[in-house]
Amino acid sequence: MQFIYGSHSTSRQAGPRLDGPYAVIDFETTGVSPKSGDRVIEVAIIRVDRDGRILDEYSTLLNPEGRDTGPVHVHRIRNGDVCDAPRFSDAAADILARLEGAVVVAHNASFEQRFLDAELARLRLGLGAVPALCSLWLARRTLALPNYKLQTIALAARLSVADGHTALGDVRTVAALLPSMLNALEAPLSYGVPVATSNHLARGVAQPRAGLHAGTPIGQIAAAPVGHLRAISSPGPAPQRSNFEVRMASKQTGTRRCSACGQLGHYRPTCHITRQQP
């Protein structure tokens with residue numbers, strides 16, 4: 001899949017001007033190089049309109065098919081968290097359905113493009129071009145910050161960064177930032193291609209377990225908003241729980257839970273255990 005990025009070109013040949021909807025996508029992966037065999041282990045997509053209103057939200061863990069989950073200290077996803085998760089091939093139609101008819105948005109979008117291309121290549125799919133927008137590029141042109149990491153931008157905008165380096169947390173942050181950054185542009189963006197149709201995206205993709213196909217109208221996509229998340233029906237003692245389980249429990253209760261000690265009411269940076277470490 002080729003991402004065709006928006007630009008400020010005023011040429012008549014620049015292509016259509018698109019004002020949404022936007023499909024904000026993020027991957028958590030086993031490493032940084034799909035050419036070396038690294039795989040996607042978590043994906044999240046939020047579709048939003050030009051004003052940031054959420055149209056659909058989707059998230060699932062993915063089984064890397066024998067690959068170790070990699071830097072657990074970054075994404076906090078362990079091998080046990082993904083052993084029963086669907087494969088990318090199982091989720092491909094759900095993912096492509098949410099890219100249909102939208103401008104694809106990601107922070108450092110070339111990273112997502114490389115992994116998306118690699119995963120689709122495993123399915124022997126050669127897909128066409130789609131309009132895309134890199135929120136890293138956008139931030140550099142609309143904000144004055146010491147760096148343009150997503151966490152830095154979120155803190156400057158006074159947004160919570162508690163779920164950083166989770167796919168769903170990152171797409172929620174990008175989606176929340178997108179309207180203000182677009183409004184700060186001096187001129188609207190134009191794209192070299194129109195939004196993709198279902199035939200353009202999903203030919204030959206296996207049907208998703210929820211019964212969707214990549215041409216499913218966006219109004220029907222909400223039938224399967226969330227994919228595989230490890231059940232937390234019997235939490236057990238907090239120290240024995242995986243970091244991913246702790247994170248999901250915090251999201252469900254809306255209460256801060258420390259990933260270091262498992263207790264409610266604070267996060268790792270303020271934990272007494274973390275402070276005692278050299």
# chains A, B, ... in the order shown; residues from 1 in each chain; ligands from 1

call {"tool": "residues_around", "arguments": {"residues": "region 18-24 of chain A", "least_positions_apart": "3", "cutoff": "10 Å", "atoms": "only C-alpha atoms", "output": "PyMOL selection string"}}
result
chain A and resi 6+15+44-57+98-107+109+131-135+168+170-175+178+182+188-191+193-195

call {"tool": "select_by_dssp", "arguments": {"residues": "region 7-133 of chain A", "states": "strand (DSSP E or B)", "output": "PyMOL selection string"}}
result
chain A and resi 7+22-29+40-48+54-61+103-106+129-133

call {"tool": "atom_distance", "arguments": {"atom1": "CA of Pro86 (chain A)", "atom2": "CA of Glu65 (chain A)"}}
result
9.5 Å

call {"tool": "atom_distance", "arguments": {"atom1": "CA of Phe3 (chain A)", "atom2": "CA of Val130 (chain A)"}}
result
5.3 Å

call {"tool": "residues_around", "arguments": {"residues": "Glu119 (chain A)", "least_positions_apart": "2", "cutoff": "10 Å", "atoms": "only C-alpha atoms", "output": "list in words"}}
result
Pro34, Asp38, Arg39, Val40, Phe88, Ser89, Ala92, Gln113, Arg114, Phe115, Leu116, Asp117, Ala121, Arg122, Leu123, Arg124 and Leu125 of chain A

call {"tool": "write_last_selection", "arguments": {"atoms": "all heavy atoms", "output": "CSV table (one decimal), in the first residue's frame"}}
result
chain,number,residue,atom,x,y,z
A,34,PRO,N,10.6,-4.5,9.7
A,34,PRO,CA,9.8,-5.6,9.1
A,34,PRO,C,10.7,-6.5,8.1
A,34,PRO,O,10.4,-7.6,7.9
A,34,PRO,CB,8.7,-4.9,8.4
A,34,PRO,CG,9.1,-3.5,8.2
A,34,PRO,CD,10.0,-3.2,9.3
A,38,ASP,N,10.3,-8.6,11.9
A,38,ASP,CA,9.5,-8.0,12.9
A,38,ASP,C,8.0,-8.0,12.5
A,38,ASP,O,7.7,-7.7,11.3
A,38,ASP,CB,10.0,-6.6,13.4
A,38,ASP,CG,11.3,-6.7,14.2
A,38,ASP,OD1,11.3,-7.6,15.0
A,38,ASP,OD2,12.2,-5.9,14.0
A,39,ARG,N,7.1,-8.2,13.5
A,39,ARG,CA,5.7,-8.3,13.2
A,39,ARG,C,4.9,-7.3,14.0
A,39,ARG,O,5.3,-6.8,15.1
A,39,ARG,CB,5.2,-9.7,13.5
A,39,ARG,CG,5.9,-10.8,12.8
A,39,ARG,CD,5.6,-10.8,11.3
A,39,ARG,NE,4.2,-10.9,11.0
A,39,ARG,CZ,3.5,-12.0,10.8
A,39,ARG,NH1,4.1,-13.2,11.0
A,39,ARG,NH2,2.2,-12.0,10.6
A,40,VAL,N,3.7,-7.1,13.6
A,40,VAL,CA,2.7,-6.3,14.3
A,40,VAL,C,2.1,-7.1,15.4
A,40,VAL,O,1.7,-8.2,15.2
A,40,VAL,CB,1.6,-5.7,13.4
A,40,VAL,CG1,0.6,-4.9,14.2
A,40,VAL,CG2,2.3,-4.8,12.3
A,88,PHE,N,-2.6,-11.5,12.0
A,88,PHE,CA,-2.9,-10.4,11.1
A,88,PHE,C,-3.9,-10.7,10.0
A,88,PHE,O,-4.8,-10.0,9.7
A,88,PHE,CB,-1.7,-9.8,10.5
A,88,PHE,CG,-1.9,-8.4,9.8
A,88,PHE,CD1,-1.7,-7.3,10.5
A,88,PHE,CD2,-2.3,-8.4,8.5
A,88,PHE,CE1,-1.9,-6.0,9.9
A,88,PHE,CE2,-2.5,-7.2,7.9
A,88,PHE,CZ,-2.3,-6.0,8.6
A,89,SER,N,-3.7,-11.9,9.5
A,89,SER,CA,-4.6,-12.4,8.4
A,89,SER,C,-6.1,-12.4,8.9
A,89,SER,O,-7.0,-12.2,8.1
A,89,SER,CB,-4.2,-13.7,7.9
A,89,SER,OG,-4.2,-14.7,8.9
A,92,ALA,N,-7.2,-8.6,9.0
A,92,ALA,CA,-6.9,-7.8,7.9
A,92,ALA,C,-8.1,-7.1,7.3
A,92,ALA,O,-8.1,-5.9,7.0
A,92,ALA,CB,-6.2,-8.6,6.8
A,113,GLN,N,3.5,2.5,7.6
A,113,GLN,CA,3.4,2.1,6.2
A,113,GLN,C,4.3,0.8,5.9
A,113,GLN,O,3.9,-0.1,5.3
A,113,GLN,CB,3.8,3.2,5.2
A,113,GLN,CG,3.7,2.8,3.7
A,113,GLN,CD,4.0,3.9,2.8
A,113,GLN,OE1,4.4,5.0,3.2
A,113,GLN,NE2,3.9,3.6,1.5
A,114,ARG,N,5.5,0.9,6.4
A,114,ARG,CA,6.4,-0.3,6.2
A,114,ARG,C,5.9,-1.5,6.8
A,114,ARG,O,5.9,-2.6,6.2
A,114,ARG,CB,7.8,0.1,6.8
A,114,ARG,CG,8.6,1.1,6.1
A,114,ARG,CD,10.0,1.1,6.6
A,114,ARG,NE,10.2,1.2,8.0
A,114,ARG,CZ,10.3,2.4,8.6
A,114,ARG,NH1,10.3,3.5,7.9
A,114,ARG,NH2,10.5,2.5,9.9
A,115,PHE,N,5.3,-1.5,8.0
A,115,PHE,CA,4.8,-2.7,8.6
A,115,PHE,C,3.5,-3.1,7.9
A,115,PHE,O,3.2,-4.3,7.8
A,115,PHE,CB,4.6,-2.5,10.1
A,115,PHE,CG,5.8,-2.8,10.9
A,115,PHE,CD1,6.7,-1.7,11.2
A,115,PHE,CD2,6.1,-4.0,11.3
A,115,PHE,CE1,7.8,-2.0,12.0
A,115,PHE,CE2,7.2,-4.3,12.1
A,115,PHE,CZ,8.1,-3.3,12.4
A,116,LEU,N,2.6,-2.2,7.5
A,116,LEU,CA,1.4,-2.5,6.8
A,116,LEU,C,1.7,-3.2,5.5
A,116,LEU,O,1.1,-4.2,5.2
A,116,LEU,CB,0.5,-1.3,6.6
A,116,LEU,CG,-0.8,-1.5,6.0
A,116,LEU,CD1,-1.7,-2.5,6.8
A,116,LEU,CD2,-1.5,-0.2,5.8
A,117,ASP,N,2.7,-2.7,4.8
A,117,ASP,CA,3.1,-3.3,3.5
A,117,ASP,C,3.6,-4.7,3.8
A,117,ASP,O,3.3,-5.6,3.0
A,117,ASP,CB,4.2,-2.4,2.9
A,117,ASP,CG,3.7,-1.2,2.2
A,117,ASP,OD1,2.5,-1.1,2.0
A,117,ASP,OD2,4.5,-0.3,2.0
A,121,ALA,N,2.0,-8.0,2.4
A,121,ALA,CA,2.7,-8.8,1.4
A,121,ALA,C,2.7,-10.3,1.8
A,121,ALA,O,2.7,-11.2,1.0
A,121,ALA,CB,4.2,-8.3,1.4
A,122,ARG,N,2.6,-10.6,3.1
A,122,ARG,CA,2.5,-12.0,3.6
A,122,ARG,C,1.2,-12.6,3.1
A,122,ARG,O,1.1,-13.8,3.0
A,122,ARG,CB,2.6,-12.1,5.1
A,122,ARG,CG,4.0,-11.8,5.6
A,122,ARG,CD,4.1,-12.1,7.1
A,122,ARG,NE,5.5,-11.9,7.6
A,122,ARG,CZ,6.0,-10.8,8.0
A,122,ARG,NH1,5.3,-9.7,8.0
A,122,ARG,NH2,7.3,-10.8,8.4
A,123,LEU,N,0.2,-11.8,2.9
A,123,LEU,CA,-1.1,-12.3,2.4
A,123,LEU,C,-1.1,-12.2,0.9
A,123,LEU,O,-2.2,-12.5,0.3
A,123,LEU,CB,-2.2,-11.4,3.0
A,123,LEU,CG,-2.3,-11.3,4.5
A,123,LEU,CD1,-3.4,-10.4,5.0
A,123,LEU,CD2,-2.4,-12.7,5.1
A,124,ARG,N,0.0,-11.9,0.3
A,124,ARG,CA,0.1,-11.8,-1.2
A,124,ARG,C,-0.8,-10.7,-1.7
A,124,ARG,O,-1.5,-10.9,-2.8
A,124,ARG,CB,-0.1,-13.1,-1.8
A,124,ARG,CG,1.0,-14.1,-1.4
A,124,ARG,CD,0.8,-15.5,-2.1
A,124,ARG,NE,1.8,-16.4,-1.7
A,124,ARG,CZ,1.9,-17.7,-2.2
A,124,ARG,NH1,1.0,-18.1,-3.1
A,124,ARG,NH2,2.8,-18.5,-1.8
A,125,LEU,N,-0.9,-9.6,-1.0
A,125,LEU,CA,-1.8,-8.5,-1.5
A,125,LEU,C,-0.9,-7.3,-1.9
A,125,LEU,O,-0.1,-6.9,-1.1
A,125,LEU,CB,-2.7,-8.1,-0.3
A,125,LEU,CG,-3.9,-9.0,0.0
A,125,LEU,CD1,-4.6,-8.5,1.2
A,125,LEU,CD2,-4.8,-9.1,-1.2

call {"tool": "closest_residue", "arguments": {"among": "A:Val43, A:Val161, A:Val72, A:Ala176", "to": "Thr60 (chain A)", "atoms": "only C-alpha atoms"}}
result
A:Val43

call {"tool": "closest_residue", "arguments": {"among": "A:Ala118, A:Glu112, A:His73, A:Ser59", "to": "Ala91 (chain A)", "atoms": "only C-alpha atoms"}}
result
A:Ser59

call {"tool": "residues_around", "arguments": {"residues": "Leu61 (chain A)", "least_positions_apart": "5", "cutoff": "12 Å", "atoms": "only C-alpha atoms", "output": "tab-separated table (two decimals) with C-alpha atoms, in the first residue's frame"}}
result
chain	number	residue	atom	x	y	z
A	26	ASP	CA	-0.98	2.89	15.17
A	27	PHE	CA	0.96	-0.35	15.50
A	28	GLU	CA	2.91	-1.84	18.36
A	29	THR	CA	5.54	-4.20	16.96
A	39	ARG	CA	5.72	-8.29	13.22
A	40	VAL	CA	2.74	-6.25	14.34
A	41	ILE	CA	1.44	-7.33	17.76
A	42	GLU	CA	-1.17	-4.62	18.38
A	43	VAL	CA	-3.20	-2.39	16.11
A	44	ALA	CA	-5.65	0.39	16.84
A	69	THR	CA	6.99	-9.81	21.32
A	75	HIS	CA	4.96	-1.67	24.73
A	76	ARG	CA	4.37	-3.85	27.84
A	77	ILE	CA	2.96	-6.72	25.78
A	78	ARG	CA	4.24	-10.15	26.78
A	79	ASN	CA	4.27	-13.38	24.82
A	80	GLY	CA	1.44	-14.73	26.95
A	81	ASP	CA	-0.74	-11.75	26.09
A	82	VAL	CA	-0.76	-12.58	22.38
A	83	CYS	CA	-0.65	-16.38	22.32
A	84	ASP	CA	-4.43	-16.64	21.83
A	85	ALA	CA	-4.82	-13.42	19.82
A	86	PRO	CA	-5.88	-13.45	16.16
A	87	ARG	CA	-3.26	-13.37	13.42
A	88	PHE	CA	-2.94	-10.35	11.15
A	90	ASP	CA	-7.66	-12.80	10.69
A	91	ALA	CA	-7.92	-9.05	11.30
A	166	THR	CA	-0.20	1.46	23.58
A	167	ALA	CA	-1.72	1.45	20.12
A	168	LEU	CA	-5.14	2.61	21.35
A	226	VAL	CA	-12.74	-4.20	19.66
A	227	GLY	CA	-10.79	-7.29	18.84
A	228	HIS	CA	-8.90	-9.66	21.14
A	229	LEU	CA	-8.13	-8.34	24.60
A	230	ARG	CA	-6.95	-10.75	27.27
A	244	PHE	CA	-0.97	-5.45	29.79

call {"tool": "atom_distance", "arguments": {"atom1": "CA of Ala154 (chain A)", "atom2": "CA of Arg140 (chain A)"}}
result
13.7 Å
